[in-house]
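Q: As input, take run_11.txt (compact mmCIF, C-alpha atoms):
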```txt
# COMPACT_ATOMS: atom_id res chain seq x y z
CA MET A 1 71.68 87.42 -13.67
CA LYS A 2 73.70 90.41 -12.54
CA THR A 3 75.30 88.57 -9.64
CA PHE A 4 76.78 85.95 -11.95
CA ILE A 5 78.70 88.35 -14.17
CA VAL A 6 82.12 89.64 -13.31
CA LEU A 7 84.58 91.75 -15.21
CA CYS A 8 87.82 90.12 -16.24
CA LEU A 9 88.94 92.80 -13.80
CA SER A 10 92.30 94.32 -13.34
CA LEU A 11 92.03 92.56 -9.99
CA PHE A 12 95.44 93.42 -8.82
CA ALA A 13 97.09 96.56 -7.49
CA VAL A 14 100.71 97.34 -6.87
CA ALA A 15 102.33 99.86 -4.57
CA THR A 16 102.60 103.43 -5.82
CA ALA A 17 105.69 103.94 -7.96
CA THR A 18 108.55 106.10 -6.72
CA ASP A 19 108.84 107.89 -10.07
CA ASP A 20 106.83 108.30 -13.25
CA THR A 21 107.55 104.91 -14.77
CA HIS A 22 109.08 102.67 -12.08
CA ILE A 23 106.73 100.03 -10.67
CA ASP A 24 107.19 98.28 -7.33
CA TYR A 25 105.81 94.77 -7.93
CA SER A 26 106.32 93.53 -4.39
CA GLN A 27 102.97 94.60 -2.96
CA VAL A 28 99.88 93.27 -4.74
CA LYS A 29 96.23 93.57 -3.70
CA PRO A 30 92.85 93.34 -5.45
CA LEU A 31 91.83 96.49 -7.32
CA TRP A 32 88.46 96.33 -5.59
CA GLU A 33 90.27 96.97 -2.31
CA ILE A 34 91.28 100.43 -3.55
CA PRO A 35 88.74 102.79 -1.90
CA THR A 36 88.82 105.26 -4.80
CA TRP A 37 87.85 102.54 -7.26
CA GLN A 38 85.14 101.25 -4.92
CA GLU A 39 83.56 104.68 -4.66
CA ARG A 40 83.46 105.16 -8.42
CA HIS A 41 82.03 101.70 -9.15
CA PRO A 42 79.27 100.85 -6.64
CA GLY A 43 77.49 98.65 -9.18
CA LEU A 44 80.62 96.62 -9.87
CA MET A 45 81.28 96.32 -6.15
CA GLU A 46 77.88 94.62 -5.81
CA ILE A 47 79.12 92.02 -8.26
CA VAL A 48 82.37 91.62 -6.34
CA ARG A 49 80.52 91.11 -3.05
CA ALA A 50 78.16 88.60 -4.66
CA GLN A 51 81.09 86.63 -6.06
CA LYS A 52 82.80 86.49 -2.67
CA LYS A 53 79.70 84.81 -1.21
CA LEU A 54 79.80 81.98 -3.76
CA PRO A 55 81.25 78.63 -2.63
CA ARG A 56 84.88 78.09 -3.50
CA ILE A 57 85.54 75.43 -6.12
CA GLN A 58 88.59 73.20 -5.97
CA TYR A 59 90.57 72.88 -9.18
CA GLY A 60 93.23 70.53 -10.45
CA PRO A 61 96.90 71.43 -10.68
CA ALA A 62 96.89 72.46 -14.36
CA GLY A 63 97.73 76.13 -14.69
CA ARG A 64 95.78 77.74 -17.36
CA ILE A 65 95.30 82.93 -19.27
CA VAL A 66 92.90 79.98 -18.45
CA GLY A 67 93.38 77.07 -20.86
CA GLY A 68 96.10 78.92 -22.72
CA GLN A 69 99.80 78.70 -23.26
CA TYR A 70 102.85 80.88 -22.92
CA ALA A 71 103.29 83.31 -25.78
CA ASP A 72 106.54 83.40 -27.72
CA ARG A 73 108.56 86.47 -26.88
CA HIS A 74 106.98 89.44 -28.71
CA GLN A 75 104.42 87.25 -30.42
CA PHE A 76 101.95 90.08 -29.79
CA PRO A 77 103.94 93.28 -30.44
CA TYR A 78 100.78 95.38 -29.99
CA GLN A 79 100.08 94.03 -26.48
CA VAL A 80 100.58 96.60 -23.73
CA ALA A 81 100.36 96.53 -19.94
CA LEU A 82 98.71 99.38 -18.09
CA PHE A 83 99.62 100.33 -14.53
CA LEU A 84 96.79 102.59 -13.39
CA HIS A 85 97.64 105.04 -10.63
CA PHE A 86 95.04 106.00 -8.04
CA ALA A 87 95.78 108.07 -4.94
CA ASP A 88 95.48 104.88 -2.87
CA GLY A 89 96.87 102.19 -5.14
CA THR A 90 97.86 101.19 -8.67
CA GLY A 91 95.81 98.75 -10.72
CA PHE A 92 96.73 96.53 -13.66
CA CYS A 93 95.07 96.04 -17.08
CA GLY A 94 95.94 95.07 -20.61
CA GLY A 95 95.58 97.15 -23.74
CA SER A 96 96.41 97.34 -27.44
CA LEU A 97 98.69 99.77 -29.24
CA LEU A 98 96.67 101.48 -32.01
CA SER A 99 99.38 103.88 -33.17
CA LYS A 100 102.55 105.49 -31.90
CA ASN A 101 100.35 107.79 -29.82
CA TYR A 102 97.25 105.84 -28.75
CA VAL A 103 96.28 102.74 -26.77
CA MET A 104 92.82 101.15 -26.61
CA THR A 105 91.56 99.37 -23.48
CA ALA A 106 88.41 98.74 -21.46
CA ALA A 107 86.56 101.70 -19.94
CA HIS A 108 86.43 100.07 -16.50
CA CYS A 109 90.24 100.06 -16.48
CA ILE A 110 90.75 103.82 -16.79
CA ASP A 111 87.55 105.06 -15.16
CA GLY A 112 89.13 106.75 -12.15
CA PRO A 113 92.97 106.71 -12.09
CA SER A 114 94.89 109.97 -12.27
CA HIS A 115 97.36 108.64 -14.83
CA ALA A 116 98.80 105.43 -16.26
CA THR A 117 102.21 103.93 -16.88
CA VAL A 118 102.12 102.07 -20.18
CA ALA A 119 104.56 99.19 -20.72
CA LEU A 120 105.30 98.29 -24.36
CA GLY A 121 107.45 95.42 -25.60
CA ALA A 122 107.03 93.45 -22.36
CA HIS A 123 107.10 89.67 -21.98
CA HIS A 124 107.99 89.04 -18.33
CA ILE A 125 105.91 91.80 -16.78
CA PHE A 126 107.63 91.73 -13.38
CA GLU A 127 111.08 92.31 -14.91
CA ASP A 128 112.69 95.49 -16.20
CA GLU A 129 113.45 94.03 -19.64
CA ALA A 130 115.70 95.82 -22.10
CA THR A 131 112.95 95.62 -24.74
CA GLN A 132 110.40 97.42 -22.58
CA GLN A 133 109.34 101.00 -23.19
CA ARG A 134 107.51 102.68 -20.33
CA ILE A 135 105.57 105.80 -21.14
CA ARG A 136 103.31 107.88 -18.93
CA SER A 137 99.77 108.78 -19.98
CA GLU A 138 97.92 111.58 -18.20
CA GLY A 139 94.37 111.10 -17.04
CA SER A 140 93.37 114.17 -19.04
CA SER A 141 94.06 112.14 -22.19
CA PHE A 142 91.73 109.28 -21.20
CA ARG A 143 88.66 109.01 -23.42
CA LEU A 144 85.83 106.77 -22.20
CA TYR A 145 83.13 105.93 -24.69
CA PRO A 146 80.23 108.32 -23.92
CA GLY A 147 77.79 105.42 -23.53
CA TRP A 148 79.93 103.54 -20.98
CA ASP A 149 77.62 102.11 -18.30
CA ALA A 150 79.45 100.56 -15.36
CA SER A 151 76.27 99.20 -13.76
CA LEU A 152 75.35 97.18 -16.88
CA ILE A 153 78.93 96.66 -18.17
CA ARG A 154 77.96 98.12 -21.55
CA ASN A 155 80.11 100.00 -24.04
CA ASP A 156 83.21 99.10 -22.03
CA LEU A 157 85.69 100.89 -24.30
CA ALA A 158 88.26 103.65 -23.86
CA THR A 159 91.42 105.11 -25.38
CA LEU A 160 94.38 106.94 -23.90
CA ARG A 161 97.12 109.06 -25.43
CA LEU A 162 100.80 108.48 -24.63
CA ASN A 163 102.82 111.43 -23.36
CA GLU A 164 105.44 110.65 -25.97
CA PRO A 165 105.29 108.52 -29.12
CA ALA A 166 106.08 104.84 -28.91
CA ASP A 167 109.26 103.71 -30.64
CA TYR A 168 108.22 101.13 -33.24
CA ARG A 169 110.70 98.27 -33.25
CA PRO A 170 110.31 95.46 -35.82
CA GLY A 171 109.13 92.27 -34.14
CA THR A 172 108.97 93.91 -30.71
CA VAL A 173 106.68 96.94 -30.61
CA HIS A 174 104.11 97.81 -33.27
CA SER A 175 100.47 98.81 -33.57
CA VAL A 176 97.65 96.44 -34.52
CA ARG A 177 95.13 97.13 -37.26
CA LEU A 178 91.37 97.31 -36.82
CA PRO A 179 88.64 95.89 -39.08
CA THR A 180 87.69 97.95 -42.12
CA PHE A 181 84.62 100.16 -42.32
CA ARG A 182 83.19 97.52 -44.66
CA ASP A 183 83.38 94.99 -41.83
CA VAL A 184 80.83 96.83 -39.68
CA ASP A 185 78.23 94.09 -40.17
CA ALA A 186 80.69 91.18 -39.97
CA THR A 187 80.09 88.80 -37.05
CA PHE A 188 83.40 86.90 -37.36
CA ALA A 189 81.50 83.87 -36.00
CA GLY A 190 83.40 80.63 -36.59
CA GLN A 191 86.76 82.34 -36.89
CA MET A 192 89.43 81.64 -34.30
CA GLY A 193 89.87 84.48 -31.86
CA ARG A 194 93.01 84.95 -29.77
CA VAL A 195 93.18 86.63 -26.37
CA SER A 196 96.52 87.57 -24.82
CA GLY A 197 97.45 89.00 -21.45
CA TRP A 198 99.09 88.62 -18.06
CA GLY A 199 95.83 87.77 -16.27
CA ARG A 200 95.53 85.13 -13.58
CA PHE A 201 95.72 81.69 -15.21
CA ASN A 202 94.03 79.62 -12.49
CA ASP A 203 91.05 80.48 -10.26
CA SER A 204 92.97 79.35 -7.19
CA LEU A 205 95.89 81.74 -7.78
CA PRO A 206 96.00 85.22 -6.21
CA ASP A 207 98.45 86.77 -8.68
CA ILE A 208 98.63 87.66 -12.34
CA SER A 209 100.87 85.65 -14.63
CA PRO A 210 104.46 86.92 -14.70
CA THR A 211 104.76 85.86 -18.36
CA LEU A 212 102.52 86.80 -21.28
CA ARG A 213 100.05 84.06 -22.17
CA PHE A 214 97.37 83.57 -24.82
CA PHE A 215 94.60 81.22 -25.83
CA SER A 216 92.62 80.60 -29.01
CA ALA A 217 88.92 79.81 -29.25
CA PRO A 218 86.16 80.06 -31.86
CA ILE A 219 84.13 83.25 -31.96
CA ILE A 220 80.51 82.25 -31.36
CA THR A 221 77.29 83.76 -32.66
CA HIS A 222 75.45 86.53 -30.86
CA LEU A 223 72.55 84.16 -30.21
CA ALA A 224 74.74 81.47 -28.66
CA CYS A 225 76.29 84.02 -26.32
CA ALA A 226 72.99 85.70 -25.43
CA ILE A 227 71.59 82.32 -24.33
CA ARG A 228 74.43 82.04 -21.81
CA PHE A 229 74.11 85.65 -20.63
CA PRO A 230 70.37 86.43 -20.93
CA GLY A 231 69.61 90.14 -20.82
CA ILE A 232 73.29 91.08 -20.75
CA ILE A 233 74.73 90.57 -24.22
CA GLN A 234 74.30 93.42 -26.69
CA PRO A 235 75.03 93.66 -30.43
CA SER A 236 78.14 95.60 -29.42
CA ASN A 237 79.58 92.48 -27.73
CA ILE A 238 81.62 89.73 -29.34
CA CYS A 239 81.98 86.38 -27.56
CA LEU A 240 84.44 83.50 -27.54
CA ASP A 241 83.61 79.90 -26.78
CA GLY A 242 84.87 78.88 -23.34
CA ALA A 243 85.27 75.13 -23.81
CA LEU A 244 89.06 75.38 -24.03
CA GLY A 245 89.60 78.26 -21.61
CA GLY A 246 89.25 81.99 -21.49
CA PRO A 247 90.48 85.28 -20.07
CA CYS A 248 90.71 85.74 -16.32
CA GLN A 249 91.24 88.50 -13.79
CA GLY A 250 93.94 90.89 -14.97
CA ASP A 251 93.31 90.35 -18.69
CA SER A 252 90.78 93.21 -18.88
CA GLY A 253 91.29 95.70 -21.67
CA GLY A 254 93.54 93.36 -23.64
CA PRO A 255 93.19 92.39 -27.30
CA VAL A 256 90.89 89.90 -28.96
CA SER A 257 92.34 89.32 -32.43
CA ILE A 258 91.94 87.15 -35.51
CA ILE A 259 94.44 86.20 -38.20
CA GLU A 260 93.22 87.25 -41.62
CA ALA A 261 93.98 85.73 -45.02
CA ASP A 262 97.17 87.77 -45.41
CA GLY A 263 98.53 86.22 -42.21
CA ARG A 264 98.36 89.45 -40.18
CA PRO A 265 96.35 90.03 -36.98
CA THR A 266 93.29 92.26 -36.81
CA LEU A 267 91.86 93.47 -33.51
CA VAL A 268 88.16 92.56 -33.34
CA GLY A 269 87.52 92.95 -29.60
CA VAL A 270 88.60 94.25 -26.19
CA VAL A 271 88.45 91.93 -23.16
CA SER A 272 85.53 92.90 -20.91
CA PHE A 273 83.74 90.31 -18.75
CA GLY A 274 83.06 86.63 -18.04
CA LEU A 275 81.25 84.41 -15.57
CA GLY A 276 81.38 85.42 -11.91
CA LEU A 277 81.62 81.79 -10.74
CA GLY A 278 85.18 81.64 -12.01
CA CYS A 279 87.39 81.48 -15.07
CA GLU A 280 87.65 77.70 -15.33
CA LEU A 281 84.04 76.68 -15.85
CA ASN A 282 84.16 76.54 -19.67
CA TRP A 283 81.73 79.44 -20.03
CA PRO A 284 81.89 81.91 -22.94
CA SER A 285 83.65 85.22 -22.41
CA ALA A 286 82.15 88.50 -23.61
CA HIS A 287 84.13 91.37 -25.08
CA VAL A 288 83.66 94.75 -26.71
CA ARG A 289 83.04 94.37 -30.46
CA ALA A 290 85.47 96.73 -32.21
CA THR A 291 83.34 97.12 -35.35
CA SER A 292 80.55 98.70 -33.28
CA PHE A 293 82.85 101.60 -32.36
CA LEU A 294 84.94 102.26 -35.48
CA GLU A 295 83.64 105.78 -36.06
CA TRP A 296 84.25 106.75 -32.42
CA ILE A 297 87.76 105.28 -32.52
CA ASP A 298 88.41 107.15 -35.77
CA ASP A 299 87.32 110.41 -34.11
CA ASN A 300 89.31 109.90 -30.90
CA THR A 301 92.64 108.50 -32.11
CA ASP A 302 95.01 108.91 -35.05
CA HIS A 303 94.65 105.24 -36.02
CA GLU A 304 94.03 104.95 -39.76
CA ILE A 305 91.05 102.65 -40.22
CA ARG A 306 90.99 101.02 -43.63
CA GLU A 307 88.09 101.50 -46.03
CA HIS A 308 88.76 98.16 -47.72
CA TRP A 309 90.30 94.86 -46.67
CA ASP A 310 93.29 95.23 -49.01
CA ASP A 311 94.17 98.83 -48.05
```
Write the structure described by the file as structure tokens, please.

A:
Amino acid sequence: MKTFIVLCLSLFAVATATDDTHIDYSQVKPLWEIPTWQERHPGLMEIVRAQKKLPRIQYGPAGRIVGGQYADRHQFPYQVALFLHFADGTGFCGGSLLSKNYVMTAAHCIDGPSHATVALGAHHIFEDEATQQRIRSEGSSFRLYPGWDASLIRNDLATLRLNEPADYRPGTVHSVRLPTFRDVDATFAGQMGRVSGWGRFNDSLPDISPTLRFFSAPIITHLACAIRFPGIIQPSNICLDGALGGPCQGDSGGPVSIIEADGRPTLVGVVSFGLGLGCELNWPSAHVRATSFLEWIDDNTDHEIREHWDD
């Protein structure tokens, strides 16, 4: 089964920036072509090589985060973009703002780079928008979950600290809340989950989306997901139905959220992996389940996790 799983990888790399926060978008290549990343992830490179050997599938003209739609400007004020700087390239991932000081993302995104440039308040990611804040994060601040296993894609969670606090701006930049400690046993099955990001929105396209996109899909039960990914899915995963689309390469580390009864979003997952045959095959996508890591997040960030739903 291993050869049929692929991370919703930060598949793309951009040329090294000329200063701490400037990004040159003109040169893009797959992250797996960065030698440093290859050396640190031999197990994931096996998956990449297996995927390259699969027959190419022709798709229709519909561009689909896959199956999604363009987000309204600043619809997801907690969405961040991560430019991950290696000595031999710079990769791309998504993330979520947990507080003025901390971002949460996937472990496979920040397992290796020396530092990151974090873009907040972005909509058109290839433009230097007036609303964007770009803040550096040193590799020394990266915290990978101690149980992160790249060979099995388990416990794919990490946090990073910003060099300087984010500037909260109403409707543009703000943190997202996490489930309460009383939600630890909640499955969220049947609720509509939303995934947002700049990931590739069609299997035939080589580039990430220049504009933030999102899609909504029901969260499915652990059993339903485990049947599709036998031997892979753990209780610490949360899965979305893939009938209407799903995340694709470049969406890794981004938010999986629900809208609760008070009309506000709650982050219930972090984008991790999907089917290696492609993003358009209507297969479920698997993500990190936030409730499985609340205590670790509480210990490694300054995010205030609620004890009760109405806190």

Q: Between A:Thr21, A:Asn155, A:Ser272, A:Gln133, which has the minimum distance to Lys100 in chain A (counting only C-alpha atoms)?

A: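 With only C-alpha atoms as the atom set, the closest residue is A:Gln133.
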
Q: Using only C-alpha atoms, pick whichever of A:Leu178, A:Ala166, A:Leu84, A:Ala119 has the shortest atom-to-atom distance to Phe142 in chain A.

A: A:Leu84

Q: Just give me the gap between CA of Gln132 in chain A and CA of Val256 in chain A in Å, one decimal is fine.

A: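 If I compute the distance from CA of Gln132 in chain A to CA of Val256 in chain A, I get 21.9 Å.
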
Q: Restricting the calculation to all atoms listed in the file: of A:Tyr102, A:Phe293, A:Phe273, A:Phe76, which residue gets closest to Leu162 in chain A?

A: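 The shortest atom-to-atom distance to Leu162 in chain A comes from A:Tyr102.
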
Q: Rounded to one decimal, what separation in Å do you get between CA of Gly89 in chain A and CA of Trp37 in chain A?

A: 9.3 Å

Q: Which polymer residues have any atom within 7 Å of an atom of range 111-118 of chain A, counting only C-alpha atoms, with same-chain residues fewer than 2 positions away left out, as a PyMOL selection string?

A: chain A and resi 21+37+40+80-86+107-109+120+134-139

Q: Measuring atom to atom with only C-alpha atoms, identify which of A:Trp148, A:Tyr168, A:Phe215, A:Trp283 is nearest to Asn101 in chain A.

A: A:Tyr168

Q: For the atom pair CA of Ala150 in chain A and CA of Val288 in chain A, what is the interatomic distance in Å to one decimal place?

A: 13.4 Å

Q: Taking only C-alpha atoms into account, name the residue in A:Phe181, A:Phe92, A:Trp198, A:Trp296 that is nearest to Pro255 in chain A.

A: A:Trp198

Q: With all atoms listed in the file as the atoms that count, which of A:Val271, A:Gly197, A:Ser99, A:Tyr145 lies nearest to Pro210 in chain A?

A: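 Selected residue with least distance to Pro210 in chain A: A:Gly197.
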
Q: Fewer than 4 positions away in the same chain doesn't count, so skip those; otherwise give me all residues within 10 Å of Glu304 in chain A, counting only C-alpha atoms, as a list in words.

A: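 Here the qualifying residues turn out to be Leu98, Ser99, Arg177, Leu178, Thr180, Ile297 and Asp298 of chain A.
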